[in-house]
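Containing compact mmCIF, C-alpha atoms: start39.txt.
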```txt
# COMPACT_ATOMS: atom_id res chain seq x y z
CA MET E 1 116.26 67.15 139.78
CA THR E 2 118.30 66.46 136.66
CA ALA E 3 119.99 69.50 135.20
CA ARG E 4 118.83 70.36 131.72
CA ILE E 5 121.92 71.20 129.65
CA SER E 6 121.20 72.82 126.33
CA PRO E 7 122.67 71.26 123.18
CA VAL E 8 123.58 74.78 122.03
CA THR E 9 127.32 75.40 122.17
CA GLY E 10 129.32 78.61 121.99
CA HIS E 11 132.60 79.12 120.16
CA TYR E 12 135.01 81.87 119.18
CA VAL E 13 136.59 82.17 115.76
CA ASN E 14 139.19 84.69 114.61
CA ILE E 15 138.62 86.36 111.25
CA ASP E 16 140.11 89.24 109.29
CA VAL E 17 137.80 91.88 107.83
CA GLN E 18 139.38 94.73 105.85
CA GLY E 19 142.52 94.43 107.98
CA ASP E 20 140.64 94.30 111.28
CA GLU E 21 141.50 91.39 113.55
CA LEU E 22 138.20 90.18 114.93
CA ARG E 23 137.34 87.56 117.52
CA VAL E 24 133.79 86.50 116.77
CA PHE E 25 131.48 84.63 119.08
CA TYR E 26 128.78 82.35 117.78
CA LEU E 27 126.24 79.89 119.11
CA GLU E 28 125.35 76.80 117.15
CA ASN E 29 123.27 73.66 117.22
CA GLY E 30 122.10 71.08 114.73
CA SER E 31 123.37 69.54 111.53
CA GLY E 32 122.58 69.77 107.86
CA GLN E 33 122.46 72.78 105.57
CA PRO E 34 123.86 75.76 107.53
CA LEU E 35 121.43 78.49 108.53
CA LEU E 36 123.52 81.56 109.38
CA CYS E 37 121.62 84.09 111.50
CA GLN E 38 122.24 87.82 112.01
CA HIS E 39 120.70 89.63 114.99
CA THR E 40 119.20 93.13 114.87
CA ALA E 41 121.03 96.44 115.41
CA GLY E 42 122.39 97.08 118.89
CA CYS E 43 121.63 93.53 119.99
CA HIS E 44 123.18 90.05 120.04
CA ASN E 45 122.60 86.43 119.19
CA HIS E 46 120.27 85.60 122.08
CA GLN E 47 117.48 86.89 119.89
CA TRP E 48 117.75 83.50 118.12
CA ARG E 49 117.60 81.49 121.38
CA TYR E 50 114.44 79.58 120.51
CA LEU E 51 115.46 78.80 116.95
CA LEU E 52 118.77 77.41 118.23
CA GLU E 53 116.90 74.85 120.33
CA ASP E 54 114.09 74.03 117.89
CA GLU E 55 114.64 70.39 116.97
CA GLU E 56 112.33 70.63 113.99
CA VAL E 57 114.85 73.06 112.47
CA THR E 58 118.11 71.80 113.98
CA SER E 59 117.40 68.26 112.76
CA ARG E 60 117.77 69.64 109.25
CA HIS E 61 119.98 72.67 109.65
CA ARG E 62 123.15 73.60 111.42
CA VAL E 63 121.84 76.81 112.98
CA ILE E 64 124.59 79.35 113.64
CA ALA E 65 123.79 82.65 115.37
CA TYR E 66 126.80 84.93 115.69
CA ASP E 67 127.46 88.24 117.38
CA LEU E 68 128.55 90.88 114.90
CA VAL E 69 131.80 92.62 115.87
CA ARG E 70 131.15 95.10 118.75
CA HIS E 71 128.05 93.15 119.84
CA GLY E 72 127.45 90.61 122.59
CA LYS E 73 130.63 88.59 123.12
CA SER E 74 132.33 89.73 119.89
CA ASP E 75 134.71 92.46 120.98
CA PRO E 76 135.58 95.56 118.97
CA PRO E 77 138.52 95.16 116.52
CA LEU E 78 141.58 93.92 118.40
CA ASN E 79 144.16 95.83 116.39
CA ARG E 80 142.59 99.27 116.05
CA GLU E 81 142.19 102.29 118.32
CA TRP E 82 138.44 101.98 117.86
CA ARG E 83 137.71 104.34 120.73
CA GLN E 84 139.24 107.19 118.72
CA GLU E 85 136.77 106.77 115.86
CA GLU E 86 133.04 107.23 115.59
CA TYR E 87 131.52 103.86 114.79
CA LYS E 88 129.55 103.91 111.54
CA LEU E 89 128.83 100.53 110.00
CA THR E 90 128.98 100.46 106.20
CA THR E 91 127.50 98.06 103.69
CA ASP E 92 130.96 97.09 102.43
CA TYR E 93 132.27 96.21 105.88
CA TYR E 94 129.12 94.41 106.92
CA THR E 95 128.93 92.17 103.85
CA ASP E 96 132.69 91.50 103.99
CA PHE E 97 132.28 90.41 107.62
CA ILE E 98 129.52 87.95 106.75
CA VAL E 99 131.44 86.38 103.87
CA ALA E 100 134.63 86.17 105.96
CA LEU E 101 132.73 84.40 108.72
CA ALA E 102 131.04 81.97 106.32
CA ASP E 103 134.46 81.21 104.78
CA ALA E 104 136.16 80.78 108.15
CA LEU E 105 133.49 78.28 109.21
CA GLU E 106 133.75 76.60 105.79
CA LEU E 107 129.99 76.73 105.34
CA GLU E 108 128.74 75.01 102.19
CA ASP E 109 125.59 76.37 100.58
CA PRO E 110 124.42 78.20 103.70
CA ILE E 111 121.11 79.99 103.97
CA PHE E 112 121.59 83.50 105.29
CA MET E 113 118.86 84.97 107.49
CA GLY E 114 118.95 88.36 109.19
CA CYS E 115 116.43 90.64 110.87
CA SER E 116 116.01 94.43 110.69
CA PHE E 117 119.49 95.78 109.89
CA GLY E 118 120.25 92.09 109.43
CA GLY E 119 117.30 91.85 107.05
CA ASN E 120 118.56 94.78 105.06
CA VAL E 121 122.03 93.22 104.78
CA THR E 122 120.36 89.99 103.68
CA LEU E 123 119.19 91.90 100.60
CA GLN E 124 122.77 93.15 100.12
CA ILE E 125 124.09 89.58 100.43
CA ALA E 126 121.60 88.39 97.80
CA LEU E 127 122.75 91.23 95.54
CA ARG E 128 126.51 90.99 96.09
CA HIS E 129 127.17 87.33 96.90
CA PRO E 130 124.43 85.24 95.26
CA ASP E 131 126.80 82.35 94.60
CA ARG E 132 128.24 82.18 98.11
CA PHE E 133 124.84 81.61 99.74
CA ALA E 134 122.21 79.06 98.73
CA ALA E 135 119.32 81.28 99.74
CA ALA E 136 118.40 84.38 101.71
CA ILE E 137 115.60 85.05 104.20
CA ALA E 138 115.22 88.77 104.91
CA VAL E 139 113.18 89.49 108.03
CA GLU E 140 111.80 93.03 108.59
CA ALA E 141 113.73 94.36 105.59
CA ALA E 142 113.27 97.02 102.94
CA ASP E 143 115.19 98.62 100.12
CA TYR E 144 115.54 101.79 102.20
CA SER E 145 114.73 102.44 105.86
CA PRO E 146 115.41 106.04 106.87
CA GLY E 147 114.58 107.72 110.17
CA PHE E 148 116.37 105.80 112.90
CA TYR E 149 119.90 107.27 112.81
CA LEU E 150 119.18 109.40 115.87
CA ASP E 151 121.41 111.17 118.40
CA TRP E 152 119.18 110.00 121.25
CA TRP E 153 120.74 106.53 121.24
CA GLN E 154 123.96 108.01 122.62
CA HIS E 155 122.99 111.34 124.12
CA PRO E 156 125.12 111.91 127.25
CA HIS E 157 122.23 113.59 129.08
CA ALA E 158 119.97 110.57 128.87
CA ASN E 159 120.31 106.96 130.01
CA ALA E 160 121.44 105.34 126.75
CA ALA E 161 120.65 101.80 127.88
CA GLN E 162 117.06 102.72 128.71
CA VAL E 163 116.57 104.93 125.66
CA CYS E 164 117.71 102.12 123.35
CA ALA E 165 115.65 99.47 125.13
CA SER E 166 112.45 101.49 125.55
CA GLY E 167 112.98 103.22 122.20
CA VAL E 168 112.50 99.88 120.44
CA TRP E 169 109.71 98.68 122.75
CA ASP E 170 106.96 99.77 120.37
CA LEU E 171 108.59 97.77 117.61
CA MET E 172 107.10 94.71 119.25
CA ALA E 173 103.46 93.66 119.11
CA PRO E 174 101.40 94.10 122.28
CA GLN E 175 100.20 90.50 121.86
CA SER E 176 103.71 89.08 122.19
CA PRO E 177 104.34 87.46 125.58
CA ASP E 178 105.65 89.78 128.30
CA ARG E 179 108.47 87.40 129.12
CA ASP E 180 109.93 87.50 125.63
CA ARG E 181 109.29 91.20 125.04
CA TRP E 182 111.12 91.96 128.27
CA ALA E 183 113.98 89.60 127.39
CA THR E 184 114.32 91.55 124.14
CA TRP E 185 114.16 94.85 126.06
CA PHE E 186 116.90 93.51 128.34
CA TYR E 187 119.15 92.61 125.40
CA TYR E 188 118.68 96.13 124.06
CA SER E 189 119.77 97.63 127.35
CA GLN E 190 123.14 95.94 126.72
CA GLY E 191 123.92 97.24 123.25
CA SER E 192 123.68 101.01 123.30
CA GLU E 193 127.33 101.59 122.40
CA ALA E 194 126.87 99.99 118.97
CA PHE E 195 123.25 100.86 118.26
CA LYS E 196 123.69 104.26 116.68
CA GLY E 197 126.60 103.16 114.47
CA ASP E 198 124.57 100.14 113.36
CA LEU E 199 121.74 102.47 112.44
CA TYR E 200 124.09 104.47 110.26
CA TYR E 201 124.08 101.41 108.06
CA TYR E 202 120.35 100.75 108.56
CA SER E 203 119.03 104.24 107.85
CA VAL E 204 121.80 105.93 105.83
CA ASP E 205 124.26 103.68 104.01
CA HIS E 206 121.78 100.96 103.07
CA ASP E 207 119.92 102.20 100.02
CA LEU E 208 118.90 99.75 97.33
CA ARG E 209 116.37 102.01 95.65
CA GLY E 210 116.87 101.65 91.92
CA THR E 211 119.05 98.57 92.18
CA LEU E 212 116.62 95.89 93.35
CA ASP E 213 116.25 94.57 89.80
CA GLN E 214 119.89 93.48 89.96
CA ILE E 215 119.15 90.89 92.65
CA ASP E 216 119.18 87.52 90.89
CA THR E 217 116.88 85.16 92.76
CA SER E 218 117.60 82.37 90.30
CA ARG E 219 121.07 82.23 91.87
CA CYS E 220 120.01 83.07 95.41
CA PRO E 221 116.31 82.54 96.19
CA LEU E 222 114.93 85.26 98.45
CA VAL E 223 112.00 85.27 100.87
CA MET E 224 111.00 88.36 102.87
CA LEU E 225 109.02 88.23 106.13
CA THR E 226 107.64 91.29 107.91
CA GLY E 227 105.41 91.69 110.97
CA GLU E 228 102.29 93.84 110.86
CA TYR E 229 103.29 95.75 114.03
CA ASP E 230 106.62 96.90 112.59
CA TYR E 231 106.42 100.71 112.44
CA LEU E 232 109.96 101.11 111.07
CA THR E 233 109.72 98.69 108.16
CA PRO E 234 105.97 98.30 107.83
CA PRO E 235 104.67 95.46 105.70
CA GLU E 236 103.99 97.80 102.79
CA ALA E 237 107.70 98.72 102.63
CA SER E 238 108.76 95.07 102.44
CA ARG E 239 106.02 94.29 99.95
CA ARG E 240 107.12 97.19 97.75
CA THR E 241 110.70 95.90 97.94
CA ALA E 242 109.81 92.31 97.10
CA GLU E 243 107.66 93.39 94.18
CA ALA E 244 110.70 95.09 92.63
CA ILE E 245 112.81 91.90 92.81
CA ALA E 246 111.94 89.28 90.20
CA GLY E 247 111.19 85.97 91.87
CA ALA E 248 111.24 87.28 95.46
CA GLU E 249 108.51 86.14 97.83
CA PHE E 250 106.95 88.28 100.54
CA ILE E 251 104.93 87.02 103.48
CA GLU E 252 103.26 89.38 105.96
CA MET E 253 103.34 88.05 109.50
CA LYS E 254 100.19 88.79 111.52
CA GLY E 255 100.16 89.73 115.20
CA ILE E 256 103.90 90.23 115.53
CA GLY E 257 106.45 93.03 115.29
CA HIS E 258 110.02 93.87 114.35
CA PHE E 259 111.83 91.25 116.50
CA PRO E 260 109.72 88.21 115.60
CA MET E 261 112.22 85.45 116.45
CA SER E 262 112.78 86.98 119.87
CA GLU E 263 109.42 88.48 120.83
CA ASN E 264 107.15 85.57 119.87
CA TYR E 265 108.93 82.53 118.44
CA PRO E 266 105.87 80.26 118.07
CA VAL E 267 104.21 82.80 115.76
CA PHE E 268 107.45 83.46 113.88
CA LYS E 269 108.16 79.76 113.46
CA GLY E 270 105.03 79.18 111.39
CA TYR E 271 106.19 81.77 108.89
CA LEU E 272 109.83 80.67 109.04
CA MET E 273 108.88 77.11 108.11
CA GLN E 274 107.01 78.49 105.10
CA ALA E 275 110.10 80.47 104.13
CA LEU E 276 112.45 77.49 104.53
CA ASP E 277 110.09 75.38 102.46
CA LEU E 278 109.95 78.05 99.73
CA VAL E 279 113.71 78.44 99.48
CA ALA E 280 114.22 74.67 99.49
CA ARG E 281 111.87 74.28 96.56
CA ARG E 282 113.37 77.20 94.67
CA SER E 283 117.01 76.48 95.33
CA SER E 284 118.86 75.11 92.32
CA ARG E 285 121.45 73.70 94.69
CA ALA E 286 119.80 70.94 96.63
CA PRO E 287 121.19 70.67 100.12
CA ALA E 288 123.46 67.74 100.84
CA PRO E 289 121.86 64.56 102.17
CA GLN E 290 120.94 64.96 105.79
CA PRO E 291 123.22 63.20 108.24
CA GLU E 292 121.81 61.78 111.40
CA PRO E 293 121.58 64.44 114.08
CA GLU E 294 124.57 64.41 116.36
CA GLN E 295 124.10 63.67 120.00
CA PRO E 296 124.42 66.82 122.03
CA THR E 297 127.81 67.25 123.60
CA VAL E 298 128.80 69.52 126.42
CA HIS E 299 131.93 71.57 125.95
CA MET M 1 100.52 130.04 139.95
CA GLU M 2 99.49 128.09 142.99
CA ARG M 3 100.91 124.63 143.43
CA THR M 4 99.33 121.99 145.60
CA GLU M 5 101.48 119.77 147.76
CA THR M 6 99.22 116.75 147.71
CA THR M 7 97.88 114.59 144.95
CA GLU M 8 95.10 116.36 143.22
CA VAL M 9 92.99 116.29 140.14
CA LYS M 10 92.28 119.87 139.12
CA THR M 11 89.35 120.57 136.90
CA ARG M 12 87.49 123.68 135.90
CA ALA M 13 84.30 122.36 137.37
CA THR M 14 81.92 124.66 135.59
CA GLU M 15 83.07 123.40 132.22
CA GLU M 16 84.21 119.89 132.88
CA PRO M 17 82.01 116.82 133.06
CA ALA M 18 82.56 114.68 136.09
CA GLU M 19 83.31 111.75 133.81
CA VAL M 20 86.64 113.25 132.77
CA ALA M 21 87.54 113.95 136.37
CA ARG M 22 86.78 110.34 137.24
CA TRP M 23 89.01 109.18 134.40
CA ALA M 24 91.84 111.42 135.63
CA GLU M 25 91.55 110.02 139.12
CA GLU M 26 91.61 106.48 137.75
CA PHE M 27 94.68 107.27 135.61
CA ARG M 28 96.43 108.80 138.63
CA ARG M 29 95.62 105.82 140.83
CA ALA M 30 96.76 103.32 138.19
CA ALA M 31 100.19 104.97 137.99
CA ASN M 32 100.67 105.39 141.71
CA GLU M 33 99.76 101.76 142.34
CA ASP M 34 101.69 100.30 139.40
CA ALA M 35 104.40 97.91 140.56
CA GLU M 36 106.67 98.62 137.59
CA LEU M 37 106.51 102.41 137.86
CA GLN M 38 106.99 102.27 141.59
CA ALA M 39 109.96 99.89 141.30
CA HIS M 40 111.80 102.14 138.86
CA GLY M 41 110.29 105.57 139.45
CA THR M 42 112.63 107.03 142.07
CA TYR M 43 113.90 109.59 139.57
CA TYR M 44 110.77 109.81 137.44
CA SER M 45 109.97 113.51 137.83
CA CYS M 46 108.59 115.60 134.98
CA SER M 47 105.49 117.27 133.64
CA PHE M 48 103.83 116.68 130.30
CA LEU M 49 100.75 117.58 128.31
CA LEU M 50 98.58 114.95 126.71
CA ASP M 51 96.64 116.60 123.93
CA LEU M 52 93.71 114.28 123.29
CA GLU M 53 92.10 116.69 120.79
CA GLU M 54 88.85 116.85 122.72
CA HIS M 55 90.64 117.44 126.02
CA GLN M 56 94.05 118.58 127.16
CA VAL M 57 95.56 117.04 130.28
CA VAL M 58 98.70 118.16 132.13
CA VAL M 59 100.28 115.42 134.22
CA ARG M 60 102.80 116.33 136.91
CA VAL M 61 104.94 113.49 138.29
CA ASN M 62 107.36 113.74 141.20
CA ARG M 63 109.61 110.80 142.13
CA GLY M 64 107.31 108.30 140.54
CA GLN M 65 104.11 109.70 142.05
CA VAL M 66 101.51 111.50 139.99
CA GLU M 67 100.96 114.58 142.11
CA GLU M 68 98.63 116.52 139.91
CA ILE M 69 96.48 116.09 136.82
CA THR M 70 94.98 119.22 135.36
CA ILE M 71 92.17 118.89 132.86
CA ASP M 72 91.68 121.49 130.15
CA PRO M 73 93.77 124.24 131.74
CA GLY M 74 93.30 127.81 130.61
CA PRO M 75 95.73 129.25 128.07
CA LEU M 76 98.28 130.48 130.61
CA ASP M 77 97.48 128.25 133.58
CA GLU M 78 100.05 125.47 133.31
CA ARG M 79 103.61 124.88 132.27
CA TYR M 80 104.98 121.52 131.19
CA GLN M 81 108.17 120.11 129.68
CA PHE M 82 106.94 118.17 126.68
CA ALA M 83 103.70 117.46 124.91
CA ILE M 84 102.27 114.39 123.21
CA ARG M 85 99.55 115.36 120.77
CA ALA M 86 97.29 113.23 118.59
CA SER M 87 93.74 113.10 117.32
CA ALA M 88 90.99 111.71 119.54
CA ASP M 89 90.74 108.82 117.10
CA THR M 90 94.42 107.90 117.51
CA TRP M 91 94.21 108.10 121.31
CA SER M 92 91.06 106.01 121.41
CA LYS M 93 92.83 103.26 119.47
CA PHE M 94 96.01 103.66 121.53
CA ALA M 95 94.03 103.21 124.75
CA THR M 96 92.60 99.77 124.06
CA PRO M 97 93.78 96.52 125.65
CA GLU M 98 95.15 95.30 122.29
CA PRO M 99 95.87 98.34 120.13
CA PRO M 100 95.87 97.89 116.37
CA PRO M 101 99.18 98.15 114.47
CA MET M 102 100.75 101.63 114.44
CA TYR M 103 98.60 102.75 117.41
CA HIS M 104 100.47 100.57 119.91
CA GLY M 105 102.96 103.12 121.24
CA ILE M 106 104.14 106.71 121.03
CA TRP M 107 107.00 105.86 118.66
CA ALA M 108 104.76 103.81 116.38
CA ALA M 109 102.01 106.42 116.28
CA THR M 110 104.53 109.21 115.76
CA PHE M 111 106.34 107.48 112.91
CA GLN M 112 103.23 106.16 111.18
CA ARG M 113 100.19 108.13 112.35
CA ASP M 114 99.30 111.69 113.46
CA MET M 115 100.94 111.73 116.89
CA LYS M 116 103.43 114.55 117.58
CA LEU M 117 106.12 114.75 120.24
CA GLU M 118 106.82 118.37 121.06
CA GLY M 119 108.70 120.50 123.56
CA ASP M 120 111.83 119.38 125.38
CA ILE M 121 112.20 115.90 123.94
CA LEU M 122 115.34 115.39 126.04
CA VAL M 123 113.12 115.22 129.13
CA LEU M 124 111.00 112.59 127.41
CA MET M 125 114.13 110.58 126.58
CA GLN M 126 115.45 110.91 130.14
CA ASN M 127 112.20 109.40 131.40
CA LEU M 128 111.41 107.17 128.45
CA ARG M 129 111.16 103.89 130.31
CA GLU M 130 108.72 105.33 132.82
CA VAL M 131 106.67 107.41 130.38
CA THR M 132 106.28 104.37 128.13
CA ARG M 133 104.93 102.31 131.00
CA HIS M 134 102.83 105.19 132.31
CA LEU M 135 101.04 105.66 129.00
CA GLU M 136 100.48 101.94 128.59
CA LEU M 137 98.24 102.20 131.65
CA LEU M 138 95.82 103.94 129.29
CA ARG M 139 95.16 100.46 127.89
CA GLU M 140 93.46 99.76 131.23
CA THR M 141 91.86 103.14 131.96
CA GLY M 142 90.95 104.15 128.42
CA VAL M 143 90.86 107.83 127.45
CA PRO M 144 87.98 110.31 127.88
CA VAL M 145 87.54 110.92 124.17
CA ALA M 146 85.33 109.19 121.65
CA GLY M 147 87.35 108.80 118.48
CA GLU M 148 86.02 106.36 115.93
CA ARG M 149 87.35 103.20 117.60
CA SER M 150 87.28 101.40 114.27
```
Once you've parsed the file, please lay out its structure as structure tokens.
Amino acid sequence: MTARISPVTGHYVNIDVQGDELRVFYLENGSGQPLLCQHTAGCHNHQWRYLLEDEEVTSRHRVIAYDLVRHGKSDPPLNREWRQEEYKLTTDYYTDFIVALADALELEDPIFMGCSFGGNVTLQIALRHPDRFAAAIAVEAADYSPGFYLDWWQHPHANAAQVCASGVWDLMAPQSPDRDRWATWFYYSQGSEAFKGDLYYYSVDHDLRGTLDQIDTSRCPLVMLTGEYDYLTPPEASRRTAEAIAGAEFIEMKGIGHFPMSENYPVFKGYLMQALDLVARRSSRAPAPQPEPEQPTVH
Amino acid sequence: MERTETTEVKTRATEEPAEVARWAEEFRRAANEDAELQAHGTYYSCSFLLDLEEHQVVVRVNRGQVEEITIDPGPLDERYQFAIRASADTWSKFATPEPPPMYHGIWAATFQRDMKLEGDILVLMQNLREVTRHLELLRETGVPVAGERS
């Protein structure tokens, strides 16, 4: 039997964010306009595993899925006594991280796409850095998403790995395949140390109520996608958000939940292709001509 | 309060239709034969009340085995560590093979519908993986309440 070696490759890059020395891990595949992908809170880049190997997308986009600092294979800051501080992710730090990474990788006109707390920061990116990114796709996002900054994620009397993993179980749709729901559960059992601090951003620091009208979609086209089984950011929250942003598009995704790219990629892909088509048509900066796809190399 | 040592479904026979007792037995059997609960249930020991509006059910689990299900106990008959309460309508939607959005789990129904998690929530969190799976078995057994099922 011939071994099947994935064309997806992993790399580390060192960046500086607000004085923190960070070693960031990312997976990538494809060529063309960069598509920079942010995972959900308390998780890592394997949530984008199917997108990274989808030739219909990677033939046109250089798909990059990174691990945020303190997640997956991106270690906590190298030059700080991080164990002596309570981790609380802020909007300023998060957006600075994303821009520093895009700069370090010298990405030209990238599309930024994030889900959940990554979806919320996608709105922040569209607001704060509309000229650095060609477009933004916010998945499971809202202007404000209170209610998930809970002590249970790190309570010493409970099994944090299981509380985090089973605590987000209902965020997925019952129709999504068991295999992919359980893979997502498994990823969540690995991220409990960062989950609560991520949710400080998600449920506390992220608050765009009253400022959505400052997002300029003529500079950075914005599409929002939300699954009907998402109880944290239900479709009505995303719709309300999109309606307050001139030019933003909202698409409700049927039969899927809060981790669409990970829990049921075939369903998500249909909506993602609509979103990519919408941002391509709305973008004032046409992507560069598409080079021929590179042959996969093994590193 | 007398405690039985063996698996038992306790009902107040003069008040309780046999149909509810049959459901309780089916729910007990489903848990005790479930591969996932049995693989991970070594430390799954707790007691909880399911308030289905039309019926109240106390479930007592010891090391992954449902040892006792009490249907509609009297006011001072049973003690339990936490309670999950919702309307009959919510439970009837929850307990379908493919629940509609926001009725598809205890977190979803608590955040977005009328479900309430009460009592010692720490015990629920300590057993969250198992309780989540245990209650999903209701998708197979249904619940002994009518609801609207719309």
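Computed from the coordinates, the CA of Cys43 in chain E to CA of Thr95 in chain E distance equals 17.8 Å.
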task = Considering all atoms listed in the file, return as a list in words whatever protein or nucleic-acid residues lie within 10 Å of Leu122 in chain M, sequence-local ones (same chain, fewer than 2 positions apart) excluded.
result = Trp152, His155, His157 and Ala158 of chain E; Gln81, Phe82, Gly119, Asp120, Leu124, Met125, Gln126, Asn127 and Leu128 of chain M
Return the neighbours of chain M among the residues of chain E, cut-off 6 Å, counting only C-alpha atoms, as a PDB file with C-alpha atoms, in the frame of the given file.
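This is the output file selection.pdb:
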```
ATOM      1  CA  ALA E 158     119.970 110.570 128.870  1.00  0.00           C
ATOM      2  CA  SER E 166     112.450 101.490 125.550  1.00  0.00           C
ATOM      3  CA  ASP E 170     106.960  99.770 120.370  1.00  0.00           C
ATOM      4  CA  TYR E 229     103.290  95.750 114.030  1.00  0.00           C
ATOM      5  CA  TYR E 231     106.420 100.710 112.440  1.00  0.00           C
TER       6      TYR E 231
END
```
task = Dig up all the protein and nucleic acid residues within 10 Å of (85.4, 110.8, 127.7) in the file frame, using all atoms listed in the file, and format them as a PyMOL selection string.
result = chain M and resi 17-23+54-55+88+92+142-147
Around all listed atoms of range 87-106 of chain M, padded 5 Å per side, what centre and edge lengths does the axis-aligned box have in Å to one decimal, as JSON?
```
{"center_x": 97.4, "center_y": 104.2, "center_z": 120.0, "size_x": 23.4, "size_y": 27.8, "size_z": 21.2}
```
Within 9 Å of file point (121.2, 83.9, 108.8), counting all atoms listed in the file, expressed as a list of chain:residue names = E:Pro34, E:Leu35, E:Leu36, E:Cys37, E:Gln38, E:His39, E:Val63, E:Ile64, E:Ala65, E:Tyr66, E:Pro110, E:Ile111, E:Phe112, E:Met113, E:Gly114, E:Cys115, E:Gly118, E:Thr122, E:Ala136, E:Ile137, E:Ala138
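Across the model, the gap from CA of Gly227 in chain E to CA of Gly247 in chain E is 20.8 Å.
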